[in-house]
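Novice: Next up, entry-v3.csv (CSV, C-alpha atoms and all ligand atoms).
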```csv
chain,number,residue,atom,x,y,z
A,1,MET,CA,-223.0,98.7,60.7
A,2,VAL,CA,-224.2,97.1,57.4
A,3,ILE,CA,-221.7,95.2,55.3
A,4,PHE,CA,-222.2,93.6,51.8
A,5,LEU,CA,-221.4,89.9,51.6
A,6,ASN,CA,-222.0,87.8,48.6
A,7,GLY,CA,-225.0,89.6,47.2
A,8,SER,CA,-226.7,90.7,50.5
A,9,TYR,CA,-226.6,93.6,52.8
A,10,VAL,CA,-226.1,92.1,56.2
A,11,SER,CA,-225.0,92.9,59.8
A,12,ASN,CA,-221.3,93.2,60.5
A,13,ASP,CA,-221.4,90.1,62.6
A,14,ALA,CA,-221.8,88.0,59.4
A,15,THR,CA,-219.1,85.3,59.1
A,16,ILE,CA,-216.9,83.8,56.4
A,17,SER,CA,-216.1,80.1,56.1
A,18,TYR,CA,-212.8,78.7,57.5
A,19,ASN,CA,-212.5,77.2,54.0
A,20,ASP,CA,-212.3,80.7,52.3
A,21,ARG,CA,-209.2,80.8,50.1
A,22,GLY,CA,-208.5,84.2,51.4
A,23,ILE,CA,-208.1,82.8,55.0
A,24,GLN,CA,-206.2,79.7,53.9
A,25,PHE,CA,-203.8,81.2,51.3
A,26,GLY,CA,-204.4,85.0,51.1
A,27,ASP,CA,-205.9,84.0,47.7
A,28,GLY,CA,-207.7,87.2,46.8
A,29,ILE,CA,-207.4,90.9,46.0
A,30,TYR,CA,-208.7,94.1,47.5
A,31,GLU,CA,-209.2,97.9,47.0
A,32,VAL,CA,-209.7,100.9,49.3
A,33,VAL,CA,-211.8,103.8,47.9
A,34,ARG,CA,-212.0,107.2,49.6
A,35,VAL,CA,-215.3,108.8,50.4
A,36,TYR,CA,-215.4,112.6,50.8
A,37,HIS,CA,-218.6,114.2,51.9
A,38,GLY,CA,-220.6,111.1,51.1
A,39,GLU,CA,-219.2,110.8,47.6
A,40,LEU,CA,-216.8,108.3,46.1
A,41,PHE,CA,-213.5,109.6,44.8
A,42,THR,CA,-211.9,108.1,41.6
A,43,ALA,CA,-214.1,105.0,42.1
A,44,THR,CA,-214.1,103.9,38.4
A,45,GLU,CA,-210.3,103.8,38.4
A,46,HIS,CA,-210.3,101.7,41.6
A,47,PHE,CA,-212.8,99.2,40.3
A,48,GLU,CA,-211.0,98.9,37.0
A,49,ARG,CA,-207.9,98.1,38.9
A,50,LEU,CA,-209.8,95.6,41.1
A,51,VAL,CA,-211.1,93.8,38.0
A,52,ARG,CA,-207.5,93.8,36.6
A,53,SER,CA,-206.0,92.4,39.8
A,54,ALA,CA,-208.7,89.7,39.8
A,55,ALA,CA,-208.0,88.8,36.2
A,56,GLU,CA,-204.3,88.5,36.8
A,57,ILE,CA,-204.9,85.7,39.3
A,58,ALA,CA,-207.8,84.2,37.3
A,59,ILE,CA,-210.6,85.2,39.6
A,60,GLU,CA,-213.8,86.2,37.7
A,61,THR,CA,-216.1,88.4,39.7
A,62,GLU,CA,-219.8,88.6,38.6
A,63,TYR,CA,-219.8,92.3,39.3
A,64,THR,CA,-219.0,95.1,36.8
A,65,THR,CA,-217.3,98.4,37.8
A,66,GLN,CA,-220.8,100.0,37.9
A,67,ASP,CA,-222.2,97.2,40.1
A,68,TYR,CA,-219.4,97.9,42.6
A,69,ILE,CA,-220.0,101.6,42.5
A,70,ASP,CA,-223.7,101.0,43.2
A,71,ILE,CA,-223.0,98.7,46.1
A,72,CYS,CA,-220.6,101.3,47.6
A,73,LYS,CA,-223.3,104.0,47.3
A,74,GLN,CA,-225.8,101.8,49.1
A,75,LEU,CA,-223.3,101.1,51.9
A,76,ILE,CA,-222.4,104.8,52.2
A,77,ALA,CA,-226.1,105.7,52.5
A,78,LYS,CA,-227.0,102.8,54.9
A,79,ASN,CA,-224.0,103.5,57.2
A,80,ASN,CA,-224.4,107.3,56.8
A,81,ILE,CA,-220.7,107.8,55.9
A,82,ASP,CA,-219.5,111.4,55.4
A,83,ASN,CA,-215.7,111.1,55.3
A,84,GLY,CA,-214.3,107.6,55.2
A,85,THR,CA,-213.4,104.7,53.0
A,86,VAL,CA,-215.0,101.6,51.5
A,87,TYR,CA,-212.9,98.4,51.7
A,88,ILE,CA,-213.6,95.8,48.9
A,89,GLN,CA,-212.2,92.3,49.1
A,90,VAL,CA,-212.7,89.4,46.6
A,91,THR,CA,-211.3,86.0,47.3
A,92,ARG,CA,-211.4,82.9,45.1
A,93,GLY,CA,-214.1,81.4,47.3
A,94,ASP,CA,-214.6,78.4,49.6
A,95,ALA,CA,-212.9,75.1,48.9
A,96,PRO,CA,-211.1,72.3,50.8
A,97,ARG,CA,-207.4,73.3,51.3
A,98,ASN,CA,-205.4,72.4,48.2
A,99,HIS,CA,-202.9,74.8,46.6
A,100,ALA,CA,-204.1,74.6,43.0
A,101,TYR,CA,-207.1,76.7,42.0
A,102,PRO,CA,-210.3,74.8,42.7
A,103,ILE,CA,-212.8,74.2,39.9
A,104,ASP,CA,-216.3,75.6,40.0
A,105,VAL,CA,-215.7,77.9,43.0
A,106,LYS,CA,-217.7,81.1,43.5
A,107,PRO,CA,-215.7,84.2,44.7
A,108,ASN,CA,-216.5,85.6,48.2
A,109,VAL,CA,-217.2,89.3,47.8
A,110,LEU,CA,-217.0,91.6,50.8
A,111,LEU,CA,-217.5,95.3,51.1
A,112,TYR,CA,-217.6,97.4,54.2
A,113,THR,CA,-217.2,101.1,55.2
A,114,ASN,CA,-215.0,102.9,57.7
A,115,THR,CA,-215.2,106.4,59.0
A,116,SER,CA,-212.0,108.4,58.8
A,117,GLU,CA,-211.0,112.1,58.5
A,118,ARG,CA,-208.3,113.4,56.3
A,119,PRO,CA,-204.9,113.5,58.0
A,120,MET,CA,-204.7,117.3,58.0
A,121,GLN,CA,-202.0,117.7,60.6
A,122,ASP,CA,-199.6,115.3,59.0
A,123,MET,CA,-200.2,116.8,55.6
A,124,GLN,CA,-199.3,120.3,56.9
A,125,GLN,CA,-196.2,119.2,59.0
A,126,GLY,CA,-195.0,116.2,57.0
A,127,ILE,CA,-194.1,112.7,58.4
A,128,LYS,CA,-191.0,110.8,59.3
A,129,ALA,CA,-190.0,107.7,57.3
A,130,ILE,CA,-187.4,105.0,57.4
A,131,THR,CA,-185.8,103.0,54.6
A,132,ALA,CA,-186.3,99.2,54.5
A,133,GLU,CA,-185.4,96.3,52.3
A,134,ASP,CA,-188.1,95.5,49.8
A,135,PHE,CA,-188.3,91.7,50.1
A,136,ARG,CA,-191.8,91.3,48.7
A,137,TRP,CA,-192.8,89.1,45.7
A,138,LEU,CA,-192.3,90.2,42.1
A,139,ARG,CA,-196.0,91.0,41.3
A,140,CYS,CA,-196.5,94.1,43.4
A,141,ASP,CA,-198.7,95.4,40.6
A,142,ILE,CA,-201.5,93.1,41.8
A,143,LYS,CA,-203.3,94.5,44.8
A,144,SER,CA,-203.1,91.1,46.6
A,145,LEU,CA,-204.3,90.3,50.1
A,146,ASN,CA,-200.9,88.9,50.7
A,147,LEU,CA,-199.3,91.8,52.6
A,148,LEU,CA,-196.8,90.2,54.9
A,149,GLY,CA,-193.8,92.1,53.4
A,150,ASN,CA,-195.7,95.3,53.6
A,151,ILE,CA,-196.9,94.9,57.2
A,152,MET,CA,-193.5,93.7,58.4
A,153,ASN,CA,-191.9,96.9,57.0
A,154,LYS,CA,-194.7,99.1,58.2
A,155,GLN,CA,-194.2,97.7,61.7
A,156,LYS,CA,-190.4,98.4,61.4
A,157,ALA,CA,-191.3,102.1,60.7
A,158,VAL,CA,-193.7,102.3,63.6
A,159,THR,CA,-191.2,100.8,66.0
A,160,ALA,CA,-188.7,103.4,64.9
A,161,GLY,CA,-191.2,106.2,65.6
A,162,ALA,CA,-191.9,106.8,61.9
A,163,LYS,CA,-195.0,106.5,59.8
A,164,GLU,CA,-193.8,104.9,56.6
A,165,ALA,CA,-191.2,102.5,55.4
A,166,ILE,CA,-189.7,103.5,52.0
A,167,GLN,CA,-188.8,100.2,50.4
A,168,ILE,CA,-185.6,99.6,48.5
A,169,ARG,CA,-184.9,96.7,46.1
A,170,ASN,CA,-181.4,96.1,44.9
A,171,GLY,CA,-180.5,99.8,45.6
A,172,ILE,CA,-183.6,101.1,43.8
A,173,VAL,CA,-186.4,102.9,45.7
A,174,THR,CA,-189.7,101.1,44.8
A,175,GLU,CA,-192.6,102.3,46.9
A,176,GLY,CA,-193.8,102.7,50.5
A,177,ALA,CA,-195.3,99.8,52.6
A,178,SER,CA,-198.7,101.3,51.7
A,179,SER,CA,-198.0,104.2,49.4
A,180,ASN,CA,-196.1,105.3,46.3
A,181,VAL,CA,-192.9,107.4,46.7
A,182,PHE,CA,-191.9,110.5,44.8
A,183,ILE,CA,-188.8,112.8,45.0
A,184,VAL,CA,-188.5,116.3,43.7
A,185,LYS,CA,-185.1,117.4,42.3
A,186,GLU,CA,-184.5,120.7,40.6
A,187,GLY,CA,-188.2,121.2,40.0
A,188,LYS,CA,-188.8,117.7,38.5
A,189,ILE,CA,-191.0,115.0,40.1
A,190,ILE,CA,-189.5,111.6,39.9
A,191,THR,CA,-191.2,108.3,40.7
A,192,HIS,CA,-190.6,104.6,40.0
A,193,PRO,CA,-192.2,103.4,36.7
A,194,ALA,CA,-195.5,101.6,37.0
A,195,ASN,CA,-194.3,98.0,36.4
A,196,ASN,CA,-194.4,94.8,38.5
A,197,PHE,CA,-192.3,96.2,41.3
A,198,ILE,CA,-194.9,98.7,42.5
A,199,LEU,CA,-198.7,99.2,42.7
A,200,ASN,CA,-199.8,101.7,40.1
A,201,GLY,CA,-201.5,103.9,42.7
A,202,ILE,CA,-204.7,105.8,41.8
A,203,THR,CA,-203.5,108.8,43.8
A,204,ARG,CA,-200.2,108.5,41.8
A,205,ARG,CA,-202.2,108.8,38.6
A,206,VAL,CA,-204.1,111.9,39.9
A,207,ILE,CA,-200.7,113.5,40.8
A,208,LYS,CA,-199.4,112.8,37.4
A,209,GLU,CA,-202.4,114.5,35.8
A,210,ILE,CA,-201.9,117.5,38.1
A,211,ALA,CA,-198.2,117.7,37.2
A,212,ASP,CA,-199.0,117.6,33.5
A,213,ALA,CA,-201.7,120.3,33.9
A,214,GLU,CA,-199.2,122.5,35.9
A,215,SER,CA,-196.3,121.8,33.4
A,216,ILE,CA,-194.2,120.3,36.2
A,217,PRO,CA,-191.9,117.7,34.6
A,218,PHE,CA,-193.0,114.2,35.8
A,219,GLU,CA,-190.5,111.4,35.2
A,220,GLU,CA,-191.2,107.7,35.7
A,221,VAL,CA,-187.7,106.5,36.1
A,222,THR,CA,-185.9,104.5,38.8
A,223,PHE,CA,-183.8,106.3,41.3
A,224,ASP,CA,-181.5,105.1,44.1
A,225,GLU,CA,-181.3,105.6,47.9
A,226,LYS,CA,-178.7,108.4,47.4
A,227,ALA,CA,-181.1,110.3,45.2
A,228,LEU,CA,-183.8,109.8,47.8
A,229,LYS,CA,-181.6,111.3,50.5
A,230,ASP,CA,-180.3,114.1,48.3
A,231,ALA,CA,-183.8,115.1,47.1
A,232,ASP,CA,-185.1,118.6,47.5
A,233,GLU,CA,-188.5,117.2,48.5
A,234,VAL,CA,-189.9,113.8,49.2
A,235,PHE,CA,-193.6,112.9,49.4
A,236,ILE,CA,-195.7,109.7,49.4
A,237,SER,CA,-199.2,109.2,48.1
A,238,SER,CA,-202.2,106.9,48.8
A,239,THR,CA,-205.9,106.9,49.0
A,240,SER,CA,-205.9,107.6,52.7
A,241,LEU,CA,-202.7,109.7,52.9
A,242,GLU,CA,-203.3,111.8,49.7
A,243,VAL,CA,-200.2,113.9,49.0
A,244,MET,CA,-198.2,113.3,52.2
A,245,PRO,CA,-194.9,115.2,52.7
A,246,VAL,CA,-191.9,113.3,54.1
A,247,VAL,CA,-189.6,115.6,56.1
A,248,GLU,CA,-187.3,113.2,57.7
A,249,ILE,CA,-185.8,109.9,56.5
A,250,ASP,CA,-183.7,107.6,58.7
A,251,GLY,CA,-183.3,110.5,61.2
A,252,GLU,CA,-182.0,113.0,58.6
A,253,ASN,CA,-183.9,116.0,57.3
A,254,VAL,CA,-185.2,116.0,53.8
A,255,GLY,CA,-184.0,119.3,52.3
A,256,GLN,CA,-184.5,121.9,55.0
A,257,GLY,CA,-186.8,119.5,56.9
A,258,GLN,CA,-189.9,121.5,55.8
A,259,VAL,CA,-192.8,120.8,53.5
A,260,GLY,CA,-191.5,121.9,50.1
A,261,PRO,CA,-193.2,124.2,47.5
A,262,VAL,CA,-193.9,121.5,44.8
A,263,THR,CA,-195.5,119.3,47.5
A,264,LYS,CA,-197.6,122.2,48.7
A,265,LEU,CA,-198.8,123.0,45.1
A,266,LEU,CA,-199.7,119.4,44.5
A,267,GLN,CA,-201.7,119.3,47.8
A,268,SER,CA,-203.7,122.4,46.9
A,269,LYS,CA,-204.5,121.1,43.4
A,270,PHE,CA,-205.4,117.7,44.9
A,271,ASP,CA,-207.9,119.5,47.1
A,272,GLU,CA,-209.5,121.0,44.0
A,273,GLN,CA,-209.7,117.5,42.5
A,274,ILE,CA,-211.6,116.2,45.5
A,275,ILE,CA,-214.4,118.5,44.6
A,276,THR,CA,-214.5,117.8,40.8
A,277,ASN,CA,-213.6,114.1,40.6
A,278,GLN,CA,-216.4,112.4,42.4
A,279,ALA,CA,-218.6,109.5,41.3
B,1,LIG,N1,-202.7,101.2,49.9
B,1,LIG,N2,-198.5,101.0,47.0
B,1,LIG,C1,-198.9,100.2,48.0
B,1,LIG,C2,-198.1,99.0,48.4
B,1,LIG,C3,-200.2,100.4,48.6
B,1,LIG,O1,-200.7,99.5,49.5
B,1,LIG,C4,-201.0,101.5,48.2
B,1,LIG,C5,-202.3,101.8,48.8
B,1,LIG,C6,-200.4,102.4,47.2
B,1,LIG,C7,-201.2,103.6,46.8
B,1,LIG,O2,-202.3,103.3,46.0
B,1,LIG,P1,-203.6,104.2,45.9
B,1,LIG,O3,-203.1,105.6,45.6
B,1,LIG,O4,-204.4,103.6,44.8
B,1,LIG,O5,-204.3,104.1,47.2
B,1,LIG,C8,-199.2,102.1,46.7
B,1,LIG,C9,-204.0,101.1,50.4
B,1,LIG,C10,-204.7,102.5,50.6
B,1,LIG,C11,-204.2,100.2,51.6
B,1,LIG,O6,-203.6,99.1,51.5
B,1,LIG,O7,-204.8,100.6,52.6
```
Could you rewrite the structure in this file as C-alpha cells?

Specialist:
Amino acid sequence: MVIFLNGSYVSNDATISYNDRGIQFGDGIYEVVRVYHGELFTATEHFERLVRSAAEIAIETEYTTQDYIDICKQLIAKNNIDNGTVYIQVTRGDAPRNHAYPIDVKPNVLLYTNTSERPMQDMQQGIKAITAEDFRWLRCDIKSLNLLGNIMNKQKAVTAGAKEAIQIRNGIVTEGASSNVFIVKEGKIITHPANNFILNGITRRVIKEIADAESIPFEEVTFDEKALKDADEVFISSTSLEVMPVVEIDGENVGQGQVGPVTKLLQSKFDEQIITNQA
C-alpha cells in the first residue's frame, strides 16, 4: 500500500520520528473521509474542518483544501480503493520534548487509505448502545488526536456487548464516542447544538440538509438522559456509520426496539446523497 508522508508517496513501512509531537503529546488533528465507488464523499467539508481544527491549535499546514483532495485522489488511484476511507493526520512536527509550541517546526502530514464496506446489516437492524459519563476536555469541536476519553468510553460499550457509548455531561447528552447523537420525538429530530461540547459532524450537516429538504423539524437544542430514553427513535451518525439506528440503550428498547420511520427516511435520502455529493 502507498501512503502520503510529508510531500511524497511512499511505501507503508515509512516511519515517523520519535520526536513527532503527535507521538509525544497527541499534538495534532485528523480527519476521516469516506470513499464510495472510488469517489470522495463531502471532501471539501472535511478539509475545511481539518484546516479549522489546525488553526484552532495554531498549526499551519502548507496544503489547501484542494491540495488535500488531489492527494486523496492520487492515493485512491494508487491503492485501487473502491469502498473505504482516507485517514488524514497533521501533527505540529518534530521537536525535542517540551510542552510549549516549538518555533520553526514543520508539520508532519500523513494520509493513508483503508478498504471498508458500508455497515449494511447494522443499518438495517440497528445497534445497541450504552450511556457513559462524558469526561473529555472542553474543546470537543477540535478533531484532536487526543482521543483517550473517547476510546475509554468506546471500550466500555464494547465490553458491555454494545457498539457505541452515548456520552452524558452534567445530565446532558452530548455525542457518541465516535459519532453524533440524535433523538426523534413526535416527528422532530433533536440534537446537541454544534458548540465546544461536540464535534460538528459532516454527516450531521448532511442529515440537517436532508431534514430541511424533507420539512422534518430539526432542533439543535440540548436534551437530557430521560429524553434520550423516552425518545421514539434514536440514531447516531458518522462518516463510517452514516445514519445508524440505535434500538437498545442500557439494555432497554428504544421505542418498540425497531428501526423507526424517520430514521429509515433519512437513510434512504442519505443513499441518494452518496450518488450526488461526490468530489
Ligand atoms: N469520528 N463525534 C465524534 C467524537 C467523532 O469522532 C465523529 C467521527 C463524529 C462524526 O463526525 P463525521 O460525521 O464528520 O464523521 C462525531 C470519525 C469517523 C473517527 O474518529 O473515526

Novice: Which one is closest to Gly260 in chain A: A:Thr131, A:Ser11, A:Gln125, A:Asn170? Count only C-alpha atoms.

Specialist: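 Using only C-alpha atoms, Gly260 in chain A sits closest to A:Gln125.
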
Novice: Under the rule of at most 6 Å, produce a per-residue listing of chain A near ligand LIG 1 (chain B): chain, number, name, the closest pair of atoms, and the distance in Å, as a tab-separated table, using only C-alpha atoms and all ligand atoms.

Specialist:
```
residue	atom	partner	partner_atom	distance
A:Val32	CA	B:LIG1	C10	5.4
A:Ala177	CA	B:LIG1	C2	5.1
A:Ser178	CA	B:LIG1	O1	3.5
A:Ser179	CA	B:LIG1	C8	3.6
A:Asn180	CA	B:LIG1	C8	4.5
A:Leu199	CA	B:LIG1	N2	4.7
A:Gly201	CA	B:LIG1	O2	3.4
A:Ile202	CA	B:LIG1	O4	3.7
A:Thr203	CA	B:LIG1	O3	3.7
A:Arg204	CA	B:LIG1	O3	5.6
A:Ser237	CA	B:LIG1	O3	5.9
A:Ser238	CA	B:LIG1	O3	3.6
A:Thr239	CA	B:LIG1	O5	3.7
A:Ser240	CA	B:LIG1	C10	5.6
```

Novice: Once you have the residues from the selection above, write them out as a short mmCIF file (atom, residue, chain, number, x, y, z; two decimals), keeping the file's coordinate frame, restricted to C-alpha atoms.

Specialist:
```cif
data_model
loop_
_atom_site.label_atom_id
_atom_site.label_comp_id
_atom_site.auth_asym_id
_atom_site.auth_seq_id
_atom_site.Cartn_x
_atom_site.Cartn_y
_atom_site.Cartn_z
CA VAL A 32 -209.70 100.90 49.30
CA ALA A 177 -195.30 99.80 52.60
CA SER A 178 -198.70 101.30 51.70
CA SER A 179 -198.00 104.20 49.40
CA ASN A 180 -196.10 105.30 46.30
CA LEU A 199 -198.70 99.20 42.70
CA GLY A 201 -201.50 103.90 42.70
CA ILE A 202 -204.70 105.80 41.80
CA THR A 203 -203.50 108.80 43.80
CA ARG A 204 -200.20 108.50 41.80
CA SER A 237 -199.20 109.20 48.10
CA SER A 238 -202.20 106.90 48.80
CA THR A 239 -205.90 106.90 49.00
CA SER A 240 -205.90 107.60 52.70
#
```

Novice: Compare A:Tyr30, A:Phe270, A:Phe47, A:Phe235 by their minimum atom-to-atom distance to Tyr87 in chain A, counting all atoms listed in the file, and give me the closest one.

Specialist: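 Under the stated criterion, the closest residue is A:Tyr30.
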
Novice: I need the residue nearest Ala160 in chain A from this list: A:Thr91, A:Asp67, A:Glu31, A:Ile130. Use all atoms listed in the file for the distance.

Specialist: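 Distance minimum relative to Ala160 in chain A lands on A:Ile130.
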
Novice: For CA of Ala95 in chain A and CA of Thr64 in chain A, determine how far apart the two atoms are, in Å to one decimal place.

Specialist: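 Distance between the two atoms: 24.2 Å.
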
Novice: Looking at A:Ser116, A:Asn253, A:Asn108, A:Ser53, which one is nearest to Ile81 in chain A, with distances taken over all atoms listed in the file?

Specialist: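 Going through A:Ser116, A:Asn253, A:Asn108, A:Ser53 one by one, the smallest distance to Ile81 in chain A is for A:Ser116.
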
Novice: Find the spatial neighbours of Ile183 in chain A, counting all atoms listed in the file, within a cut-off of 6 Å - ignore same-chain residues fewer than 3 positions away - and output them as a PyMOL selection string.

Specialist: chain A and resi 189-190+231+233-234

Novice: Measuring between all atoms listed in the file, which one of A:Met123, A:Ala162, A:Leu138, A:Met152 shows the shortest distance to Ile198 in chain A?

Specialist: A:Leu138

Novice: For Ile88 in chain A, which residue out of A:Arg118, A:Arg49, A:Arg136, A:His192 is the nearest one, using only C-alpha atoms?

Specialist: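 Of the candidates, the smallest distance to Ile88 in chain A is held by A:Arg49.
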
Novice: Excluding Gln66 in chain A and any residue of its chain fewer than 4 positions from it, enumerate the residues within 9 Å of it, using only C-alpha atoms, and give them as JSON, numbers by chain.

Specialist: {"A": [44, 47, 70, 71]}

Novice: Store the residues picked out above in a file with C-alpha atoms, as a CSV table (one decimal), keeping the file's coordinate frame.

Specialist:
```csv
chain,number,residue,atom,x,y,z
A,44,THR,CA,-214.1,103.9,38.4
A,47,PHE,CA,-212.8,99.2,40.3
A,70,ASP,CA,-223.7,101.0,43.2
A,71,ILE,CA,-223.0,98.7,46.1
```

Novice: As a PyMOL selection string, please: the residues near Glu219 in chain A (cut-off 12 Å, all atoms listed in the file, same-chain neighbours under 3 positions excluded).

Specialist: chain A and resi 182-185+187-194+207-208+211-212+216+222-223

Novice: Around (-223.6, 92.8, 51.7) in the file's frame, which residues reach within 10 Å when counting all atoms listed in the file? Return as a list in words?

Specialist: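 All residues meeting the 10 Å criterion around (-223.6, 92.8, 51.7) are Val2, Ile3, Phe4, Leu5, Asn6, Gly7, Ser8, Tyr9, Val10, Ser11, Asn12, Ala14, Ile71, Cys72, Gln74, Leu75, Val109, Leu110, Leu111 and Tyr112 of chain A.
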